[in-house]
Amino acid sequence: TCYMAALIVSQLRWLNSINNDVIISKLNEILPVCPLTVQKEVISGLPEILSDEKHEAACELLLEHIATVELVPCILEALSELSLSQTMLDQVYESVEELLSALSADSVPSALRFLLSTAPPDKAITSIRQQIDFQSLSQAGEGLDAEELSMECLEQVLRFHNKTQKCWLSQLHASSELSVFDLLVYLILYRVNSRPKTVLASLKHHVRGTTLTASLVQDLYKNHGKTAGLFNAEQLKISHHLLISFPDHPLPSLLYLSVFNHGDLHAQQEVVGSLISHIGSGQCREVEAGIRTLGLLKDSTCNTVDRFSSLLNGLLDYLNMLSIGQAKQVLYLLVRISSSSTSCRTIDDIHIITRKYLSHPSSKLRKLGVIGSCALVQALSPESESETRQFLEKVLDSVGQAAELVALLYDELAGCIAEGSVDRSVVRVVYDVFVDKFQSTYVAREPLVDPEGPVRDILCLEGSETLEEDETGHISINLWECIQSPDPTLLTLLCPLLRLVGTSLAFLEDNSMEDIDSILGCYIRLLPLEELTTGDDKGSIGLLALTNLVIEQINVFYVEQRGSMRNKLIKRVELLHELLGMLRGIAMVEGMVPAVFDVAEDLSFSAKSKKGHSSKSLLNSSGADPDVSNDMSLFDPGQSGSVKTSTQIDKDDSDAGAAASAHRTKKHVSSWASVGKFKGFIRELDIRTLTILSPALEPIPSSDKTDSTDFVPANLGLPETCMLLEDLLSKCKFKLKPVSVFSKPENAIGFSRVSLLSETKFTKHILKILPALCQTMEENSKSADQSGVTSTADEIAILEDNPFSVKIFELVFSILERVFSWSGFVSNSPISTECFDILGGRLQLSTQGPLSVRRKHALQYLLNFREACQSFTATISLVKCCSVLTSDKDQRIADLCDSSLKREWDITADEKENKVRFNEGVGYLVGTSLSQSSEDPSVMIDTLVQQLGIVLRKDSEEEKIYPTFTKATLPTIYKITLAKLVEHQNSIVVDKENGFDILASCVGNFATLISFIKLTTNSRPLLRAALVYGQKFLEGFLNMGLPLLSPMVTDSFTEVQTILKKVQTPTRFLHHVTCHSKSSKDIALTARVPLLKKFLEKFVLKVKAIFAQHGCTDAFWVGNLKQRNLRGEEIVSQQVEEEEEEEEDDLSELSVDTEDEGEGNMMIEEETSDSMSIGY
């Protein structure tokens, strides 16, 4: 039957004359009763059988049967070949759109081809994106084939329709939410577009806007992996560019990982080759991202990566181009990959290059040789103890007497052991080799011959045991002998060797340090502490060496869980806090030994000298003014002792300044920032030592109470807690980087251990101590409530008596802000869920539910501390933390900002740096209040403008709402207000119903803000903001304001006239600003002038065109332009000559003029009730 039907249809196609009406009538009768195959043959032949004038009748016939799912493909194909009128085409589009959501998987390709080939692109694309359920294609029985066929069909259509490409890309770019289907379309567009850079730019836009997320990529490969595999080449190119642009973002790494896991062997090879090219690029962030991504490949598919050992060996050629930290990661990674495979020969190549580097004269390459040797220790056979000893002896012989290389060897071995990457038997050999060396070199077992001499055995803790059970007597670490020795090797190797011995023992004995526990509390042979700060070189060296020794004791013994040892450890933390305070008062001197060895730079004393200065004078001067961090989050409450408020910030009071300086010396908060001049000379505090906080704030297990019946667990005080948290904050700034396109590489000096941790592991360490931090804040919050703070004087008293109780909030909120803003926090669901559960659980609320609910609970917990934040910087830190955490507007944050702006804060008036940070903080509060508030933006901006006017007009009788609004904070607030005004004007597009009211409010406030420049004695800080945002305001007014006013000229003449009059004044004065910038030769201001003039000229011409369009040409007149400065005085050298025949040149200069009513730019005068006159 099917064959017969096909034969009849083919014969009908060749007939020259046919009765179309009869054919249509007969087909209408037989189609419902024919078999499905016959129906398809008949429908396919209709366009060729019927004449063109009967195509619309055929279309009606086909539309009657389009509801039959099986016939949809052949009906759509027939409809695409018919010649139809526009009315009929619209009817067809509506019928097809109604069916889109109900189409079967087989019908989707035909529907895509029909709509994109015949329908208007915008309409077709919108219907496809909204109604086709792409997810159902993979769930259908034949889903995968239909899915691939749909993508191929889409690719064919887009390849030959440039207009459709542009429309689809435009819609995707403007979309606020992307789907998996959209992501696949992006891949198709990248393949077929003649300008793939435009597609890539759109993808980068979505990455910045967080609409292209890691979860979307995971969903793509989880449910549509086979289809995504069709575009592996495009994904590799996109991943390559995204990793260069967003090296800190997790998305490029995830794309590489997904292609590698789901691609064929060729795709995997391309992934590895691309990552190697990133590592060899020489760009710091790109190199680190490439190494990190290659590590992810190893962790997920180790046995697959080792296939490409020949490619990976090429990384060894880049080692000398990398920094030492980067080369360290590459070497460790290559050893890990090679150790898991018997066929990989990379380890042999590492052996060769390591021996080569160890014998090289370059210091950097020798350090790389040491690091390579430590990496090879991880691959040593656990069965051969003699092999391990021989290897260590060869390495030690190769480094010779170079103290820095030996110290680096000890540090790197300790790091490998701490990570658990070295076999236990190898660790046993290392411990046996070096523990005896430490005891014989640094441990003294006899008391001093002259106990009353200048050198003493000091700082012994009660209850310290001997080093070995069979020996009793006096034990001390002879630090003074190391300082006195002419060989600096002894002092250089003390801390690294202690770290190696302690780390090895902790690994072997499961964190039990009984064999060497006396080292924590034993005597230290040195000058008394009070004699170390006298300015003597030996004393200064001794103080720095003692600080490093105490830090290393904390690093080694933090693993101890016994109560007595924990108490000793806390005593050492308290000693470290005291030593940091003492270090502030000394200068760098010759003989100080570097404590960081894995950097290529020379950290010796001479490296500190600058050209034209002697090293001695330079370092002595640096001791007088220690480095202080410029970061606002480290703003020290202890440095804010003056009882001056922000309203008194401009008054000169030298006596109060001297008192404040004395108070700061007394109440100084010892911090790592205060000893920044010793960077590279102080040992790094391991992040794992922060576990001290947890047991210190909770009851300590009393397993060893048999030693003392009256044992009392020690608590870590607030000063020491602040010291540890400040160190953690500096590590967070180094490790947890927010997404930034123009990020600069960080200096890794002092972060050797942290740099080896992944961001996820680093964040998990923070989450371990987060409950303890919450408990500390809660206790301090209760203390603040009980103290009854009711005024600014009470707040100042708290800051003076106990600055640490306030600083703890600032530090914790700053750390949480870094965690929340980390690029991997949102994409890492386990990390974010755990963090929200910890914070929300403190409210005794359920930690179950979606992530959005847990986020709200965490936000509420943080906001509960708003009353406890008694310093300005603590409040700023809280606002920043909450702003990063919330994803939508939150009125609670806006209220917090508003209440903070209404308070009088204690700010030191004699420190310029504090004033600058305070001004920036006030501006941040203003901007956050405007962006987070749900109130009408027009009302809020009106209030801000009014309050700024009160600041400028001293004789104003209006009430001052915000004490923080002063002449010092005026420039920052002025800039933010202008920026928010421009943003509010741009909202006319969204809220067209209230567009005129928004425009009128914005124009009035803009005119007022520009007029403030005339009221200030020093207008320079306001001029740049006026030029930048004046141009943006005019651009928005041209694009949205004038199109809104143009239809109103006839019906609402008075309203339009009022708005244009208001615009006239600020635009005229902006021209004065441009003239002032040129005449004063201010380069920073002059750079902004051309763009502003361009929009001023456009504004003049468009206003003229509007009135010409409405027949008001007689009311529009042009006059001569005069250049004037800010005071309205004519600039003679730039006076414009009158040239009537060159009207266009006059117009191009006409952006603004004087304030005289007769010759300004856009002079608007009311002539009659129905007309206006505009003069130029």
# chains A, B, ... in the order shown; residues from 1 in each chain; ligands from 1
call {"tool": "select_by_dssp", "arguments": {"residues": "range 278-507 of chain A", "states": "alpha helix (DSSP H)", "output": "VMD selection string"}}
result
chain A and resid 278 to 279 284 to 300 302 to 305 309 to 312 324 to 339 346 to 358 363 to 377 385 to 399 403 to 418 424 to 442 479 to 484 489 to 507
call {"tool": "residues_around", "arguments": {"residues": "Val377 in chain A", "least_positions_apart": "4", "cutoff": "10 Å", "atoms": "only C-alpha atoms", "output": "list in words"}}
result
Val335, Ile371, Gly372, Ser373, Ser381, Thr388, Phe391, Leu392, Leu413, Cys416, Ile417, Ser421, Val422, Asp423, Val426 and Val427 of chain A
call {"tool": "residues_around", "arguments": {"residues": "Phe260 in chain A", "least_positions_apart": "4", "cutoff": "9 Å", "atoms": "only C-alpha atoms", "output": "list in words"}}
result
Leu255, Tyr256, Asp264, Leu265, Ala267, Gln268, Gln269, Glu270, Val271, Val272, Leu297 and Thr301 of chain A
call {"tool": "residues_around", "arguments": {"residues": "Ile238 in chain A", "least_positions_apart": "2", "cutoff": "9 Å", "atoms": "only C-alpha atoms", "output": "PyMOL selection string"}}
result
chain A and resi 187+190+200+203+233-236+240-243+252+255
call {"tool": "residues_around", "arguments": {"residues": "Trp480 in chain A", "least_positions_apart": "2", "cutoff": "7 Å", "atoms": "only C-alpha atoms", "output": "number ranges by chain"}}
result
A: 478, 482-484, 525-526
call {"tool": "write_last_selection", "arguments": {"atoms": "C-alpha atoms", "output": "tab-separated table (two decimals), in the first residue's frame"}}
result
chain	number	residue	atom	x	y	z
A	478	ASN	CA	71.71	26.92	74.04
A	482	CYS	CA	74.36	29.88	68.33
A	483	ILE	CA	74.29	33.69	68.33
A	484	GLN	CA	77.89	34.01	69.52
A	525	ARG	CA	69.99	30.03	77.40
A	526	LEU	CA	69.97	33.72	76.48
